[in-house]
file my_file25.csv (CSV, C-alpha atoms and all ligand atoms)
chain,number,residue,atom,x,y,z
A,1281,MET,CA,-62.0,4.6,49.8
A,1282,GLY,CA,-58.6,6.1,50.6
A,1283,ASP,CA,-57.9,9.6,51.7
A,1284,SER,CA,-57.9,11.3,48.3
A,1285,LYS,CA,-55.8,14.2,49.5
A,1286,GLN,CA,-53.2,11.8,50.8
A,1287,ASP,CA,-53.4,9.7,47.6
A,1288,ASP,CA,-52.8,12.8,45.6
A,1289,LEU,CA,-49.5,13.3,47.4
A,1290,ARG,CA,-48.2,9.7,47.2
A,1291,PHE,CA,-45.2,11.0,45.3
A,1292,ILE,CA,-44.1,12.8,48.5
A,1293,ARG,CA,-42.1,10.5,50.9
A,1294,PRO,CA,-44.2,9.4,53.8
A,1295,GLU,CA,-41.6,10.8,56.3
A,1296,ILE,CA,-42.2,14.2,54.8
A,1297,ARG,CA,-46.0,13.9,54.7
A,1298,ARG,CA,-45.9,13.0,58.4
A,1299,MET,CA,-43.6,15.8,59.6
A,1300,THR,CA,-44.8,19.3,60.4
A,1301,GLY,CA,-41.8,21.3,59.1
A,1302,TYR,CA,-39.6,23.8,61.0
A,1303,THR,CA,-41.2,27.0,62.3
A,1304,PRO,CA,-38.7,29.8,62.1
A,1305,GLY,CA,-39.1,32.9,64.3
A,1306,GLU,CA,-41.2,35.6,62.8
A,1307,GLN,CA,-39.5,37.9,60.3
A,1308,PRO,CA,-41.8,40.9,60.0
A,1309,ALA,CA,-42.0,42.6,56.6
A,1310,GLY,CA,-41.4,46.1,57.9
A,1311,GLY,CA,-42.6,48.7,60.3
A,1312,PRO,CA,-41.3,49.8,63.7
A,1313,VAL,CA,-40.7,46.6,65.7
A,1314,VAL,CA,-38.3,45.9,68.5
A,1315,LYS,CA,-37.0,42.6,67.1
A,1316,LEU,CA,-35.7,40.4,69.9
A,1317,ASN,CA,-37.0,37.0,68.6
A,1318,THR,CA,-34.3,35.4,66.4
A,1319,ASN,CA,-31.0,36.1,68.1
A,1320,GLU,CA,-29.7,38.4,65.4
A,1321,ASN,CA,-27.0,41.0,66.3
A,1322,PRO,CA,-28.4,44.4,66.9
A,1323,TYR,CA,-25.2,46.1,65.6
A,1324,PRO,CA,-24.1,46.3,61.9
A,1325,PRO,CA,-21.3,44.2,60.4
A,1326,SER,CA,-17.9,45.7,59.9
A,1327,PRO,CA,-17.6,48.5,57.3
A,1328,ARG,CA,-15.0,46.3,55.6
A,1329,VAL,CA,-17.7,43.7,55.1
A,1330,LEU,CA,-20.1,46.3,53.5
A,1331,GLU,CA,-17.3,47.4,51.2
A,1332,ALA,CA,-16.6,43.8,50.2
A,1333,ILE,CA,-20.3,43.2,49.5
A,1334,ALA,CA,-20.4,46.3,47.3
A,1335,ALA,CA,-17.3,45.2,45.4
A,1336,ALA,CA,-18.7,41.7,44.9
A,1337,ALA,CA,-22.1,43.1,43.7
A,1338,ALA,CA,-20.6,43.6,40.2
A,1339,ASP,CA,-20.5,42.3,36.7
A,1340,ASP,CA,-19.1,39.0,37.6
A,1341,VAL,CA,-22.2,37.9,39.5
A,1342,ARG,CA,-23.1,36.3,36.1
A,1343,LEU,CA,-20.3,33.8,36.9
A,1344,TYR,CA,-20.8,31.0,39.4
A,1345,PRO,CA,-19.0,31.4,42.7
A,1346,ASN,CA,-16.0,29.3,43.8
A,1347,PRO,CA,-17.7,25.9,44.6
A,1348,VAL,CA,-15.9,25.4,48.0
A,1349,ALA,CA,-15.8,29.1,49.0
A,1350,GLU,CA,-12.0,29.0,48.7
A,1351,PRO,CA,-11.1,32.5,49.9
A,1352,LEU,CA,-13.3,32.2,53.0
A,1353,CYS,CA,-12.1,28.7,54.0
A,1354,ALA,CA,-8.4,29.7,53.4
A,1355,ARG,CA,-8.8,32.7,55.7
A,1356,ALA,CA,-10.8,30.7,58.3
A,1357,ALA,CA,-7.9,28.1,58.4
A,1358,GLU,CA,-5.5,30.9,59.2
A,1359,VAL,CA,-7.7,32.6,61.8
A,1360,TYR,CA,-8.7,29.4,63.6
A,1361,GLY,CA,-5.3,27.8,63.4
A,1362,VAL,CA,-6.3,24.7,61.4
A,1363,GLY,CA,-5.3,23.2,58.1
A,1364,ARG,CA,-7.1,24.4,54.9
A,1365,ASP,CA,-8.4,20.8,54.5
A,1366,GLN,CA,-10.0,20.9,57.9
A,1367,VAL,CA,-12.6,23.5,57.0
A,1368,LEU,CA,-15.7,23.6,54.9
A,1369,ALA,CA,-18.2,26.4,54.3
A,1370,GLY,CA,-22.0,26.1,54.3
A,1371,ASN,CA,-25.0,28.3,53.4
A,1372,GLY,CA,-25.5,29.1,57.1
A,1373,SER,CA,-24.7,26.5,59.7
A,1374,ASP,CA,-28.2,25.1,59.1
A,1375,GLU,CA,-27.0,23.8,55.7
A,1376,ILE,CA,-23.9,22.3,57.4
A,1377,LEU,CA,-26.2,20.5,60.0
A,1378,MET,CA,-28.2,19.2,57.0
A,1379,MET,CA,-25.0,18.0,55.3
A,1380,ILE,CA,-24.1,16.0,58.5
A,1381,VAL,CA,-27.5,14.3,58.6
A,1382,ARG,CA,-27.4,13.6,54.8
A,1383,ALA,CA,-23.9,12.1,55.1
A,1384,CYS,CA,-24.3,10.1,58.3
A,1385,ILE,CA,-27.9,9.2,58.9
A,1386,GLY,CA,-29.7,6.4,57.0
A,1387,ALA,CA,-33.3,5.3,57.6
A,1388,GLY,CA,-34.0,4.7,61.3
A,1389,GLU,CA,-30.5,5.6,62.5
A,1390,ARG,CA,-30.2,7.7,65.7
A,1391,VAL,CA,-29.3,11.3,66.3
A,1392,ALA,CA,-28.9,11.9,70.0
A,1393,TYR,CA,-29.1,15.2,72.0
A,1394,ALA,CA,-30.3,16.7,75.2
A,1395,GLU,CA,-33.5,18.8,75.1
A,1396,PRO,CA,-34.6,21.5,75.0
A,1397,THR,CA,-32.2,22.6,72.3
A,1398,TYR,CA,-32.2,24.0,68.8
A,1399,SER,CA,-35.4,22.7,67.4
A,1400,LEU,CA,-34.2,22.5,63.8
A,1401,TYR,CA,-32.3,19.2,64.8
A,1402,ASP,CA,-35.7,17.4,65.0
A,1403,THR,CA,-36.7,18.7,61.6
A,1404,LEU,CA,-33.4,17.7,59.9
A,1405,VAL,CA,-33.5,14.2,61.3
A,1406,ALA,CA,-37.1,13.8,60.2
A,1407,ILE,CA,-36.2,14.9,56.7
A,1408,GLY,CA,-33.4,12.4,56.6
A,1409,GLY,CA,-35.7,9.6,57.8
A,1410,GLY,CA,-33.6,9.1,60.9
A,1411,GLU,CA,-34.7,8.7,64.5
A,1412,VAL,CA,-34.5,11.4,67.2
A,1413,ALA,CA,-33.2,10.2,70.5
A,1414,THR,CA,-33.3,12.7,73.4
A,1415,VAL,CA,-32.7,13.0,77.1
A,1416,PRO,CA,-34.0,16.0,79.1
A,1417,TYR,CA,-31.7,18.6,80.5
A,1418,PRO,CA,-32.3,19.2,84.2
A,1419,GLN,CA,-33.5,22.6,85.4
A,1420,SER,CA,-29.9,23.7,85.8
A,1421,PHE,CA,-29.2,22.8,82.2
A,1422,GLU,CA,-26.0,20.9,83.1
A,1423,LEU,CA,-25.4,18.4,80.3
A,1424,PRO,CA,-26.7,14.9,81.3
A,1425,VAL,CA,-23.6,13.2,79.9
A,1426,GLU,CA,-24.1,9.6,80.9
A,1427,PRO,CA,-27.8,9.4,79.8
A,1428,LEU,CA,-26.8,11.1,76.5
A,1429,LEU,CA,-24.0,8.6,75.9
A,1430,GLY,CA,-26.4,5.9,76.7
A,1431,LEU,CA,-28.6,6.8,73.7
A,1432,ARG,CA,-25.8,5.5,71.5
A,1433,GLY,CA,-26.5,7.9,68.7
A,1434,LYS,CA,-24.8,7.5,65.4
A,1435,VAL,CA,-24.5,11.2,65.6
A,1436,THR,CA,-24.6,13.0,69.0
A,1437,ILE,CA,-25.1,16.8,69.0
A,1438,VAL,CA,-24.0,19.1,71.8
A,1439,CYS,CA,-25.2,22.7,71.3
A,1440,ASN,CA,-22.6,24.7,73.1
A,1441,PRO,CA,-23.5,27.3,74.3
A,1442,ASN,CA,-27.0,25.7,74.2
A,1443,ALA,CA,-30.1,27.4,72.7
A,1444,PRO,CA,-32.5,28.3,74.2
A,1445,SER,CA,-30.9,28.2,77.6
A,1446,GLY,CA,-27.7,30.1,76.8
A,1447,THR,CA,-25.8,27.8,79.2
A,1448,VAL,CA,-22.3,26.4,78.6
A,1449,THR,CA,-20.9,22.9,78.9
A,1450,PRO,CA,-17.2,23.0,79.9
A,1451,LEU,CA,-14.8,22.0,77.2
A,1452,GLU,CA,-13.3,19.2,79.4
A,1453,VAL,CA,-16.8,17.6,79.6
A,1454,ILE,CA,-17.0,17.6,75.8
A,1455,GLU,CA,-13.5,16.3,75.3
A,1456,GLY,CA,-14.3,13.5,77.8
A,1457,MET,CA,-17.3,12.5,75.7
A,1458,ALA,CA,-15.4,12.3,72.4
A,1459,PRO,CA,-13.9,8.9,72.9
A,1460,GLN,CA,-17.1,7.5,74.4
A,1461,VAL,CA,-19.7,8.4,71.8
A,1462,GLU,CA,-20.5,5.7,69.3
A,1463,GLY,CA,-20.3,7.8,66.2
A,1464,MET,CA,-19.8,11.5,65.3
A,1465,LEU,CA,-19.8,14.2,68.0
A,1466,VAL,CA,-21.1,17.5,66.6
A,1467,VAL,CA,-20.5,20.6,68.6
A,1468,ASP,CA,-22.8,23.3,67.4
A,1469,GLU,CA,-21.0,26.6,68.3
A,1470,ALA,CA,-23.3,29.1,66.7
A,1471,TYR,CA,-22.9,31.3,69.8
A,1472,ALA,CA,-19.3,30.4,70.8
A,1473,ASP,CA,-18.0,34.0,70.2
A,1474,PHE,CA,-20.1,35.1,73.1
A,1475,ALA,CA,-18.6,32.4,75.3
A,1476,ALA,CA,-15.1,31.8,76.7
A,1477,ALA,CA,-14.0,28.6,75.0
A,1478,SER,CA,-14.3,26.7,71.7
A,1479,ALA,CA,-14.0,23.0,70.8
A,1480,ILE,CA,-12.2,23.7,67.5
A,1481,GLN,CA,-8.9,22.5,68.7
A,1482,LEU,CA,-10.4,19.1,69.7
A,1483,ILE,CA,-10.6,18.1,66.1
A,1484,GLU,CA,-6.8,17.5,66.2
A,1485,ARG,CA,-7.1,14.9,68.9
A,1486,HIS,CA,-10.5,13.3,68.1
A,1487,ALA,CA,-11.3,12.1,64.5
A,1488,ASN,CA,-15.0,11.9,65.3
A,1489,VAL,CA,-15.5,15.5,66.4
A,1490,VAL,CA,-16.8,18.3,64.2
A,1491,VAL,CA,-17.4,21.9,65.2
A,1492,VAL,CA,-20.0,24.0,63.5
A,1493,ARG,CA,-19.9,27.8,63.5
A,1494,SER,CA,-22.3,30.5,62.3
A,1495,PHE,CA,-21.7,34.1,61.0
A,1496,SER,CA,-25.3,35.0,61.8
A,1497,LYS,CA,-24.8,36.0,65.4
A,1498,SER,CA,-21.4,37.5,66.4
A,1499,PHE,CA,-20.5,38.7,62.9
A,1500,SER,CA,-24.0,40.3,62.2
A,1501,LEU,CA,-24.5,38.4,58.9
A,1502,ALA,CA,-27.7,36.4,59.4
A,1503,GLY,CA,-29.0,37.7,56.1
A,1504,LEU,CA,-26.1,36.3,54.1
A,1505,ARG,CA,-26.2,32.7,55.3
A,1506,ILE,CA,-22.6,31.8,56.1
A,1507,GLY,CA,-21.4,28.9,58.3
A,1508,LEU,CA,-18.2,26.9,58.8
A,1509,LEU,CA,-17.4,23.4,59.8
A,1510,PHE,CA,-14.1,22.2,61.3
A,1511,GLY,CA,-13.1,18.5,61.3
A,1512,GLN,CA,-10.4,16.1,60.2
A,1513,PRO,CA,-9.6,16.2,56.5
A,1514,ALA,CA,-11.1,12.8,55.8
A,1515,VAL,CA,-14.4,13.8,57.4
A,1516,VAL,CA,-14.5,17.1,55.6
A,1517,SER,CA,-14.0,15.5,52.2
A,1518,GLU,CA,-16.9,13.1,52.8
A,1519,LEU,CA,-19.2,15.9,53.9
A,1520,LEU,CA,-18.3,18.0,50.9
A,1521,LYS,CA,-19.8,15.3,48.7
A,1522,VAL,CA,-23.3,16.1,50.0
A,1523,LYS,CA,-23.3,19.9,49.9
A,1524,ASP,CA,-25.2,21.9,47.3
A,1525,SER,CA,-23.0,22.4,44.3
A,1526,TYR,CA,-22.4,26.2,44.7
A,1527,ASN,CA,-23.6,26.6,48.2
A,1528,LEU,CA,-22.4,30.1,49.0
A,1529,SER,CA,-23.0,33.0,46.7
A,1530,ARG,CA,-20.2,35.3,45.5
A,1531,ILE,CA,-21.5,38.0,47.9
A,1532,SER,CA,-21.5,35.6,50.9
A,1533,ILE,CA,-18.0,34.4,50.2
A,1534,ALA,CA,-16.7,38.0,49.9
A,1535,ALA,CA,-18.5,39.1,53.1
A,1536,GLY,CA,-17.4,36.2,55.2
A,1537,THR,CA,-13.8,36.6,54.1
A,1538,ALA,CA,-13.9,40.3,55.0
A,1539,ALA,CA,-15.6,39.6,58.3
A,1540,LEU,CA,-12.7,37.3,59.3
A,1541,GLY,CA,-10.4,40.1,58.4
A,1542,ASP,CA,-11.9,42.4,61.0
A,1543,LEU,CA,-12.2,40.4,64.2
A,1544,ASP,CA,-11.8,43.5,66.4
A,1545,TRP,CA,-15.1,44.8,65.0
A,1546,MET,CA,-16.9,41.6,65.9
A,1547,ARG,CA,-15.3,41.5,69.4
A,1548,ALA,CA,-16.4,45.0,70.1
A,1549,ASN,CA,-20.0,44.1,69.2
A,1550,VAL,CA,-19.8,41.0,71.4
A,1551,ALA,CA,-18.5,43.2,74.3
A,1552,LYS,CA,-21.5,45.6,73.8
A,1553,VAL,CA,-23.9,42.7,73.8
A,1554,ALA,CA,-22.4,41.2,76.9
A,1555,ALA,CA,-22.7,44.5,78.8
A,1556,THR,CA,-26.4,44.9,77.8
A,1557,ARG,CA,-27.0,41.2,78.7
A,1558,ALA,CA,-25.7,41.8,82.2
A,1559,ARG,CA,-27.9,44.9,82.7
A,1560,MET,CA,-31.0,43.2,81.3
A,1561,THR,CA,-30.4,40.0,83.4
A,1562,GLU,CA,-30.4,42.1,86.5
A,1563,ALA,CA,-33.5,44.1,85.5
A,1564,LEU,CA,-35.4,41.0,84.6
A,1565,THR,CA,-34.5,39.4,87.9
A,1566,VAL,CA,-35.9,42.5,89.7
A,1567,LEU,CA,-39.1,42.0,87.7
A,1568,GLY,CA,-39.4,38.5,89.2
A,1569,TYR,CA,-37.9,36.4,86.4
A,1570,SER,CA,-35.2,33.9,87.0
A,1571,VAL,CA,-32.6,34.1,84.3
A,1572,LEU,CA,-30.0,31.5,83.6
A,1573,PRO,CA,-26.4,32.7,83.2
A,1574,SER,CA,-26.1,33.2,79.5
A,1575,ALA,CA,-22.9,33.0,77.3
A,1576,THR,CA,-24.8,34.0,74.2
A,1577,ASN,CA,-26.7,37.0,72.7
A,1578,PHE,CA,-30.0,36.0,74.3
A,1579,VAL,CA,-31.4,35.1,77.7
A,1580,LEU,CA,-34.0,32.6,78.9
A,1581,ALA,CA,-36.2,34.3,81.4
A,1582,ARG,CA,-38.5,32.1,83.4
A,1583,ARG,CA,-41.3,32.5,85.8
A,1584,PRO,CA,-41.8,29.0,87.2
A,1585,GLY,CA,-45.4,28.0,87.4
A,1586,THR,CA,-46.7,30.6,84.9
A,1587,ASN,CA,-47.5,30.4,81.3
A,1588,GLN,CA,-45.7,33.2,79.5
A,1589,ARG,CA,-47.9,33.1,76.3
A,1590,PRO,CA,-50.0,36.1,77.5
A,1591,VAL,CA,-46.9,38.1,78.2
A,1592,PHE,CA,-45.4,37.2,74.7
A,1593,GLU,CA,-48.7,38.2,73.1
A,1594,ALA,CA,-49.0,41.5,75.1
A,1595,LEU,CA,-45.4,42.4,74.1
A,1596,ARG,CA,-46.2,41.5,70.5
A,1597,ALA,CA,-49.2,43.9,70.6
A,1598,ARG,CA,-46.7,46.6,71.5
A,1599,GLN,CA,-44.5,45.7,68.6
A,1600,ILE,CA,-41.9,43.9,70.7
A,1601,LEU,CA,-41.1,40.5,69.4
A,1602,VAL,CA,-39.6,37.9,71.7
A,1603,ARG,CA,-39.7,34.1,71.4
A,1604,TYR,CA,-42.2,31.8,73.1
A,1605,PHE,CA,-41.9,28.0,72.7
A,1606,ASP,CA,-45.1,26.2,73.1
A,1607,VAL,CA,-43.6,23.0,74.6
A,1608,PRO,CA,-44.3,21.8,78.1
A,1609,GLU,CA,-40.7,22.4,79.4
A,1610,LEU,CA,-40.6,26.0,78.1
A,1611,ARG,CA,-44.1,27.5,78.6
A,1612,ASP,CA,-42.9,29.4,81.7
A,1613,ALA,CA,-40.1,31.1,79.7
A,1614,LEU,CA,-39.4,33.8,77.2
A,1615,ARG,CA,-36.3,33.8,75.1
A,1616,ILE,CA,-35.2,37.3,74.6
A,1617,THR,CA,-32.4,38.4,72.2
A,1618,VAL,CA,-30.0,41.0,73.5
A,1619,GLY,CA,-30.8,44.1,71.5
A,1620,THR,CA,-29.4,47.6,71.7
A,1621,ASP,CA,-29.7,49.4,75.0
A,1622,ASP,CA,-32.7,51.4,73.7
A,1623,GLU,CA,-34.5,48.2,72.6
A,1624,ILE,CA,-33.9,46.6,75.9
A,1625,ASP,CA,-35.1,49.7,77.7
A,1626,ALA,CA,-38.3,49.5,75.6
A,1627,LEU,CA,-38.7,45.8,76.5
A,1628,LEU,CA,-38.2,46.4,80.2
A,1629,ALA,CA,-40.6,49.4,80.3
A,1630,ALA,CA,-43.2,47.2,78.6
A,1631,LEU,CA,-42.7,44.4,81.1
A,1632,ARG,CA,-42.9,46.8,84.0
A,1633,ASP,CA,-46.2,48.1,82.6
A,1634,LEU,CA,-47.6,44.6,82.2
A,1635,THR,CA,-46.6,43.7,85.7
A,1636,ASP,CA,-48.3,46.8,87.1
A,1637,GLU,CA,-51.4,46.1,85.0
A,1638,ALA,CA,-51.4,42.5,86.3
A,1639,ARG,CA,-51.3,43.9,89.9
A,1640,GLY,CA,-54.2,46.2,89.0
A,1641,ARG,CA,-52.3,49.4,89.4
B,1701,LIG,C1,-27.9,26.6,68.0
B,1701,LIG,C2,-28.0,27.1,66.6
B,1701,LIG,N1,-27.3,26.5,65.6
B,1701,LIG,C3,-27.4,26.9,64.3
B,1701,LIG,C4,-28.2,28.0,64.0
B,1701,LIG,C5,-28.3,28.4,62.6
B,1701,LIG,O1,-27.5,29.4,62.2
B,1701,LIG,P1,-27.3,29.9,60.7
B,1701,LIG,O2,-28.0,31.2,60.6
B,1701,LIG,O3,-25.8,29.9,60.6
B,1701,LIG,O4,-27.9,28.8,59.8
B,1701,LIG,C6,-28.9,28.7,65.0
B,1701,LIG,C7,-29.7,29.9,64.7
B,1701,LIG,O5,-30.5,30.4,65.4
B,1701,LIG,C8,-28.8,28.2,66.3
B,1701,LIG,O6,-29.5,28.8,67.3
call {"tool": "encode", "arguments": {"input": "my_file25.csv", "output": "structure tokens"}}
result
Amino acid sequence: MGDSKQDDLRFIRPEIRRMTGYTPGEQPAGGPVVKLNTNENPYPPSPRVLEAIAAAAADDVRLYPNPVAEPLCARAAEVYGVGRDQVLAGNGSDEILMMIVRACIGAGERVAYAEPTYSLYDTLVAIGGGEVATVPYPQSFELPVEPLLGLRGKVTIVCNPNAPSGTVTPLEVIEGMAPQVEGMLVVDEAYADFAAASAIQLIERHANVVVVRSFSKSFSLAGLRIGLLFGQPAVVSELLKVKDSYNLSRISIAAGTAALGDLDWMRANVAKVAATRARMTEALTVLGYSVLPSATNFVLARRPGTNQRPVFEALRARQILVRYFDVPELRDALRITVGTDDEIDALLAALRDLTDEARGR
């Protein structure tokens, strides 16, 4: 006799039945929490964005939005110094990553990256029926370029800066890889506004490079789901074929366009985050954590040889959410989003208490 539960689901593709699905960071329904678990920006978006949202929340929401988010892409082309036909917009950069897998990866084809990195890549490849091929990052999180090239992925992803380490791969290294990868080189720049350099200009010289950006972090718009991709026109037009038909709402298009019209606001928030990040890195170090230098809005704080789950749980009991990854290479670590100064003070006070408790004081 077959497994009746499995038989009932035979209309679901076996790849999907086998996979576990992505586990997003916890999004609490309400109540007083210090939310340092999903790398959102602790500061609000530009007032111009809020005005644009209010103006877009009008009568014409009965009409479909522009299918290719025209105003947003046109402004992005100006701001980032590329042609209009070198940009596309997605419903968050997650949708763009999905579009890349849909367009490039057939059954059993390889997507290569160094791990640990953004865990959604595994899920997207599994949905697409492809094969994940990974090499480990060393403790220093320097990108293992040769082993990564050796995986011969049809798509190779470099998350830069990388999550959850916060570390950066120099642009020269990425440019050096471009002619050597077998297929497409995806640079996931969700956190690039917190770092010094971007690979966007590489698309002019390398037809196989695409750069993916998010509005969820530096622009404080995680709730609206806006992402951009930069690539050569021929690649962009292929990828457009596999997007959802109206993938950004009217409100998202208006908000993203306005956000690109007030870069000073975003940069001021990035500077505040960087200042808090420096202070918290130092304080965590005093508490005995080793913290990798971060070029993002989060830090990875490790205590080698320990399991940080009890600390994660004790913080949670105090309404402070951080991220703990239950995988062997990250069990000694907490990934902590840079919050406001007050939020980080609350976190540090809780960690000091926990350390004192552990010492029996
Ligand atoms: C490395 C990386 N890429 C992409 C994303 C997804 O961003 P978005 O909100 O634009 O879908 C995240 C979100 O945490 C991320 O960490």
call {"tool": "closest_atom_pairs", "arguments": {"input": "my_file25.csv", "of": "chain A", "to": "ligand LIG 1701 (chain B)", "cutoff": "7 Å", "atoms": "all atoms listed in the file", "output": "JSON lines"}}
result
{"residue": "A:Thr1318", "atom": "CA", "partner": "B:LIG1701", "partner_atom": "O5", "distance": 6.4}
{"residue": "A:Asn1319", "atom": "CA", "partner": "B:LIG1701", "partner_atom": "O5", "distance": 6.3}
{"residue": "A:Gly1372", "atom": "CA", "partner": "B:LIG1701", "partner_atom": "O3", "distance": 3.6}
{"residue": "A:Ser1373", "atom": "CA", "partner": "B:LIG1701", "partner_atom": "O3", "distance": 3.7}
{"residue": "A:Asp1374", "atom": "CA", "partner": "B:LIG1701", "partner_atom": "O4", "distance": 3.8}
{"residue": "A:Glu1375", "atom": "CA", "partner": "B:LIG1701", "partner_atom": "O4", "distance": 6.5}
{"residue": "A:Tyr1398", "atom": "CA", "partner": "B:LIG1701", "partner_atom": "C1", "distance": 5.1}
{"residue": "A:Cys1439", "atom": "CA", "partner": "B:LIG1701", "partner_atom": "C1", "distance": 5.8}
{"residue": "A:Asn1442", "atom": "CA", "partner": "B:LIG1701", "partner_atom": "C1", "distance": 6.3}
{"residue": "A:Ala1443", "atom": "CA", "partner": "B:LIG1701", "partner_atom": "C1", "distance": 5.3}
{"residue": "A:Asp1468", "atom": "CA", "partner": "B:LIG1701", "partner_atom": "N1", "distance": 5.8}
{"residue": "A:Glu1469", "atom": "CA", "partner": "B:LIG1701", "partner_atom": "N1", "distance": 6.9}
{"residue": "A:Ala1470", "atom": "CA", "partner": "B:LIG1701", "partner_atom": "N1", "distance": 4.9}
{"residue": "A:Arg1493", "atom": "CA", "partner": "B:LIG1701", "partner_atom": "O3", "distance": 6.9}
{"residue": "A:Ser1494", "atom": "CA", "partner": "B:LIG1701", "partner_atom": "O3", "distance": 3.9}
{"residue": "A:Phe1495", "atom": "CA", "partner": "B:LIG1701", "partner_atom": "O3", "distance": 5.9}
{"residue": "A:Ser1496", "atom": "CA", "partner": "B:LIG1701", "partner_atom": "O2", "distance": 4.8}
{"residue": "A:Ala1502", "atom": "CA", "partner": "B:LIG1701", "partner_atom": "O2", "distance": 5.3}
{"residue": "A:Arg1505", "atom": "CA", "partner": "B:LIG1701", "partner_atom": "O2", "distance": 5.8}
{"residue": "A:Ile1506", "atom": "CA", "partner": "B:LIG1701", "partner_atom": "O3", "distance": 5.8}
{"residue": "A:Gly1507", "atom": "CA", "partner": "B:LIG1701", "partner_atom": "O3", "distance": 5.1}
call {"tool": "residues_around", "arguments": {"input": "my_file25.csv", "residues": "range 1377-1384 of chain A", "least_positions_apart": "4", "cutoff": "9 Å", "atoms": "all atoms listed in the file", "output": "list in words"}}
result
Gly1370, Ser1373, Glu1389, Val1391, Tyr1401, Leu1404, Val1405, Ile1407, Gly1408, Gly1410, Lys1434, Val1435, Met1464, Val1466, Asp1468, Val1492, Glu1518, Leu1519, Leu1520, Lys1521, Val1522, Lys1523 and Asp1524 of chain A
call {"tool": "atom_distance", "arguments": {"input": "my_file25.csv", "atom1": "CA of Cys1353 in chain A", "atom2": "CA of Phe1578 in chain A"}}
result
28.0 Å
call {"tool": "closest_residue", "arguments": {"input": "my_file25.csv", "among": "A:Leu1428, A:Ala1332, A:Ala1487, A:Leu1580", "to": "Ala1539 in chain A", "atoms": "all atoms listed in the file"}}
result
A:Ala1332
call {"tool": "residues_around", "arguments": {"input": "my_file25.csv", "residues": "Val1618 in chain A", "least_positions_apart": "4", "cutoff": "12 Å", "atoms": "only C-alpha atoms", "output": "short mmCIF file (atom, residue, chain, number, x, y, z; two decimals) with C-alpha atoms, in the coordinates of the input"}}
result
data_model
loop_
_atom_site.label_atom_id
_atom_site.label_comp_id
_atom_site.auth_asym_id
_atom_site.auth_seq_id
_atom_site.Cartn_x
_atom_site.Cartn_y
_atom_site.Cartn_z
CA VAL A 1314 -38.30 45.90 68.50
CA LYS A 1315 -37.00 42.60 67.10
CA LEU A 1316 -35.70 40.40 69.90
CA ASN A 1317 -37.00 37.00 68.60
CA THR A 1318 -34.30 35.40 66.40
CA ASN A 1319 -31.00 36.10 68.10
CA GLU A 1320 -29.70 38.40 65.40
CA ASN A 1321 -27.00 41.00 66.30
CA PRO A 1322 -28.40 44.40 66.90
CA TYR A 1323 -25.20 46.10 65.60
CA GLY A 1446 -27.70 30.10 76.80
CA PHE A 1474 -20.10 35.10 73.10
CA LYS A 1497 -24.80 36.00 65.40
CA SER A 1498 -21.40 37.50 66.40
CA ASN A 1549 -20.00 44.10 69.20
CA VAL A 1550 -19.80 41.00 71.40
CA ALA A 1551 -18.50 43.20 74.30
CA LYS A 1552 -21.50 45.60 73.80
CA VAL A 1553 -23.90 42.70 73.80
CA ALA A 1554 -22.40 41.20 76.90
CA ALA A 1555 -22.70 44.50 78.80
CA THR A 1556 -26.40 44.90 77.80
CA ARG A 1557 -27.00 41.20 78.70
CA ALA A 1558 -25.70 41.80 82.20
CA ARG A 1559 -27.90 44.90 82.70
CA MET A 1560 -31.00 43.20 81.30
CA THR A 1561 -30.40 40.00 83.40
CA SER A 1574 -26.10 33.20 79.50
CA ALA A 1575 -22.90 33.00 77.30
CA THR A 1576 -24.80 34.00 74.20
CA ASN A 1577 -26.70 37.00 72.70
CA PHE A 1578 -30.00 36.00 74.30
CA VAL A 1579 -31.40 35.10 77.70
CA LEU A 1580 -34.00 32.60 78.90
CA LEU A 1601 -41.10 40.50 69.40
CA VAL A 1602 -39.60 37.90 71.70
CA ASP A 1622 -32.70 51.40 73.70
CA GLU A 1623 -34.50 48.20 72.60
CA ILE A 1624 -33.90 46.60 75.90
CA ASP A 1625 -35.10 49.70 77.70
CA LEU A 1627 -38.70 45.80 76.50
CA LEU A 1628 -38.20 46.40 80.20
#
call {"tool": "atom_distance", "arguments": {"input": "my_file25.csv", "atom1": "CA of Val1329 in chain A", "atom2": "CA of Ser1529 in chain A"}}
result
14.6 Å
call {"tool": "atom_distance", "arguments": {"input": "my_file25.csv", "atom1": "CA of Pro1424 in chain A", "atom2": "CA of Asp1402 in chain A"}}
result
18.8 Å
call {"tool": "residues_around", "arguments": {"input": "my_file25.csv", "residues": "range 1447-1463 of chain A", "least_positions_apart": "4", "cutoff": "8 Å", "atoms": "all atoms listed in the file", "output": "PyMOL selection string"}}
result
chain A and resi 1421-1423+1425+1429+1432-1436+1440-1443+1475+1477-1479+1482+1486+1488-1489+1572-1575
call {"tool": "closest_residue", "arguments": {"input": "my_file25.csv", "among": "A:Ile1296, A:Glu1306, A:Ala1337, A:Val1367", "to": "Gly1409 in chain A", "atoms": "all atoms listed in the file"}}
result
A:Ile1296
call {"tool": "closest_residue", "arguments": {"input": "my_file25.csv", "among": "A:Tyr1360, A:Leu1431, A:Leu1614, A:Pro1312", "to": "Ile1483 in chain A", "atoms": "all atoms listed in the file"}}
result
A:Tyr1360
call {"tool": "closest_residue", "arguments": {"input": "my_file25.csv", "among": "A:Val1515, A:Ala1387, A:Ala1334, A:Leu1368", "to": "Glu1295 in chain A", "atoms": "all atoms listed in the file"}}
result
A:Ala1387
call {"tool": "residues_around", "arguments": {"input": "my_file25.csv", "residues": "Ala1630 in chain A", "least_positions_apart": "4", "cutoff": "12 Å", "atoms": "all atoms listed in the file", "output": "list in words"}}
result
Val1314, Leu1564, Leu1567, Val1591, Phe1592, Glu1593, Ala1594, Leu1595, Arg1596, Ala1597, Arg1598, Gln1599, Ile1600, Leu1601, Glu1623, Ile1624, Asp1625, Ala1626, Leu1634, Thr1635, Asp1636 and Glu1637 of chain A
